[in-house]
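Asker: The structure's right below; bear with me while I get my questions together.
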Amino acid sequence: MVVVWTPKSTACTSPTRHLGVSVRSRAHTLPVTCAHLPSPSSSSASVVSLSHTQSATPVRHFDKHLTGKKRIYFLDVNPLCFNGSRPCMKSFAYWVGLFFSKVSHRDPVIAVLDGEGGNEFRRHLLPSYKAGRQSNNGSSDGWLNRVEPQIVQILQSCNVPVVKIKGFEADDVVATLMDQALEYGYPVMIGSPDKDFKQLISNDVQIAMPVPELRRWCFYNMQHYIKQYGCDPTSDLSLRCFMGDEVDGVPGLQKLVPSFGRKTAIKLLKKHGSLENLLNAAAVRIVGRDYAQDALTKYADYLRRNYQVLSLRRDASIQLEENWLCERDSSNDSLVLSKFVQKLSQGRDVVRRSGQRVKSTA
């Protein structure tokens, strides 16, 4: 089941180009940026003004051949609803406000939510996959289900379409839509703290990551990846199959072969290009030292299973809609998000006063 919540404003007046067809962009007034949202870590109701030193700088087109092209922005919503591991709607408002005002501006944004049963495909392959996030009334998944209508309402009011597909995680939906955007000639920016998206990085795909310590979005591209890992992003997925992912419950090869670490994996992947090429080569000839050769032949199926679990799917039943690619009307952003934060603060004040009355009568 595909659920799409469309923006509340759909009027398009200024022409833009999409698939060689003239598409009409949404009418807009002068934008009002969300420059007065409270930090998600703040416990008081006061607001914090985001100066140029506190907030992210506007997006710069790192690659010369992308300059001047409209980007499509994908926003991975679920992880933004937490302050660390604690559910926090103020965190959602803070990061979304900064994303709209400092990252995407009026370029098109598509928000994506995790669908029901999105983990089942990978849990069938690996039962330990995200085993700590099973959905029940007391879990973070249960909390997200309860606040989802508020999230959708806010994003709709800010003229952002929201997509949710049963049986698919948000990562897979983003990967599916990303492929379509690139085919249409649009460069892509993905807003998410999820490291799984690093496997998608290319000259045309970059990531914006929320950094709580800096209280801003920071940008991550191919050059950053190469500098950090010493290999091309095309090897990211293969590398993670060796290293595993403790947060998501995916064990690495080091659990079985402690001597097989990151340096060995990078060295072999640089030579062979991908996990499958490496495993095929190891099956017919010596490709490394004895411990590496033994590990590659003995645990080939183990590594291939990791590949299936960690790779993002591109088969979600969703198509980019032309009206999603219009220039976004951002005139409501500040008012919508400020009212929401005020409502959250008022709710906490009511709870706090109730607690004080209980203490005074005890």
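Residues in the structure tokens are named by chain (A, B, ... in the order shown) and by number from 1 within that chain; ligands are numbered from 1 in the order shown.
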Run DSSP on the backbone and tell me which residues of region 195-295 of chain A come out as alpha helix (DSSP H); list them as a PyMOL selection string.
Answerer: chain A and resi 222-229+236-243+262-272+275-282+290-295
Asker: Just the residues within 6 Å of Gly249 (chain A), please, counting only C-alpha atoms, with nothing from its chain fewer than 3 positions along; format it as a ChimeraX atom specification.
Answerer: /A:128-130,246
Asker: Show me, as a list in words, the residues that have an atom within 12 Å of Leu126 (chain A) when counting only C-alpha atoms, minus same-chain residues fewer than 4 positions from it.
Answerer: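 These residues fall inside the cut-off: Asn119, Glu120, Phe121, Arg122, Lys130, Ala131, Asp248, Gly249, Val250, Pro251, Tyr302, Leu303, Arg304, Arg305, Asn306, Tyr307, Gln308, Val309 and Leu310 of chain A.
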Asker: Could you check which of A:Phe100, A:Phe82, A:Phe242, A:Tyr73 is closest to Leu155 (chain A), using only C-alpha atoms?
Answerer: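 Ranking A:Phe100, A:Phe82, A:Phe242, A:Tyr73 by distance to Leu155 (chain A), first place goes to A:Phe100.
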Asker: Would you mind listing what lies within 8 Å of region 224-236 of chain A as a count of residues only, with only C-alpha atoms counted and same-chain residues fewer than 4 positions away left out?
Answerer: 12
Asker: What's around Leu320 (chain A) at 12 Å? Count only C-alpha atoms, leave out sequence neighbours fewer than 4 positions away in its own chain, and write the answer as a PyMOL selection string.
Answerer: chain A and resi 4+18-19+72+74+108-110+161-163+173-174+176-184+186+316+324-326
Asker: Which residues in region 167-322 of chain A does DSSP call strand (DSSP E or B)? List them as a ChimeraX atom specification.
Answerer: /A:188-191,202,205-211,216-220,245,250
Asker: Rounded to one decimal in Å, what is the spacing between CA of Leu335 (chain A) and CA of Val211 (chain A)?
Answerer: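 CA of Val211 (chain A) lies 24.5 Å from CA of Leu335 (chain A).
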Asker: Considering only C-alpha atoms, return as a count of residues only whatever protein or nucleic-acid residues lie within 10 Å of Cys81 (chain A), sequence-local ones (same chain, fewer than 5 positions apart) excluded.
Answerer: 16
Asker: What lies within 9 Å of Gln156 (chain A) using only C-alpha atoms, ignoring chain neighbours under 2 positions off, as a ChimeraX atom specification?
Answerer: /A:5-9,151-154,158-162
Asker: Emit the selected residues as a compact mmCIF listing (two decimals), in the first residue's frame, including N, CA, C and O atoms.
Answerer:
# COMPACT_ATOMS: atom_id res chain seq x y z
N TRP A 5 0.76 11.85 1.04
CA TRP A 5 0.06 13.05 1.47
C TRP A 5 0.58 14.21 0.64
O TRP A 5 1.77 14.53 0.66
N THR A 6 -0.29 14.82 -0.14
CA THR A 6 0.15 15.89 -1.03
C THR A 6 0.11 17.23 -0.30
O THR A 6 -0.63 17.41 0.67
N PRO A 7 0.91 18.21 -0.76
CA PRO A 7 0.93 19.54 -0.12
C PRO A 7 -0.44 20.18 -0.16
O PRO A 7 -1.25 19.92 -1.05
N LYS A 8 -0.70 21.05 0.82
CA LYS A 8 -1.99 21.73 0.88
C LYS A 8 -2.09 22.83 -0.18
O LYS A 8 -3.17 23.22 -0.58
N SER A 9 -0.94 23.35 -0.62
CA SER A 9 -0.94 24.35 -1.69
C SER A 9 -0.41 23.69 -2.95
O SER A 9 0.67 23.12 -2.94
N ILE A 151 3.14 15.10 12.25
CA ILE A 151 4.27 15.25 11.34
C ILE A 151 3.78 15.53 9.92
O ILE A 151 4.25 16.44 9.23
N VAL A 152 2.82 14.73 9.48
CA VAL A 152 2.30 14.87 8.12
C VAL A 152 1.63 16.23 7.95
O VAL A 152 1.83 16.91 6.93
N GLN A 153 0.86 16.66 8.94
CA GLN A 153 0.17 17.95 8.86
C GLN A 153 1.15 19.11 8.71
O GLN A 153 0.95 20.03 7.91
N ILE A 154 2.25 19.06 9.48
CA ILE A 154 3.25 20.13 9.42
C ILE A 154 3.91 20.16 8.04
O ILE A 154 4.05 21.22 7.42
N CYS A 158 3.74 23.01 4.96
CA CYS A 158 4.94 23.62 4.39
C CYS A 158 5.13 23.22 2.93
O CYS A 158 6.22 23.39 2.36
N ASN A 159 4.05 22.68 2.33
CA ASN A 159 4.05 22.34 0.90
C ASN A 159 5.08 21.29 0.52
O ASN A 159 5.80 21.42 -0.48
N VAL A 160 5.15 20.26 1.34
CA VAL A 160 6.06 19.13 1.09
C VAL A 160 5.23 17.85 0.97
O VAL A 160 4.49 17.52 1.90
N PRO A 161 5.32 17.12 -0.15
CA PRO A 161 4.64 15.83 -0.24
C PRO A 161 5.29 14.81 0.69
O PRO A 161 6.51 14.84 0.87
N VAL A 162 4.50 13.94 1.29
CA VAL A 162 4.99 12.94 2.22
C VAL A 162 4.63 11.56 1.68
O VAL A 162 3.47 11.30 1.34
Asker: Rounded to one decimal, what separation in Å do you get between CA of Ile190 (chain A) and CA of Val205 (chain A)?
Answerer: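 Those two atoms sit 7.6 Å apart.
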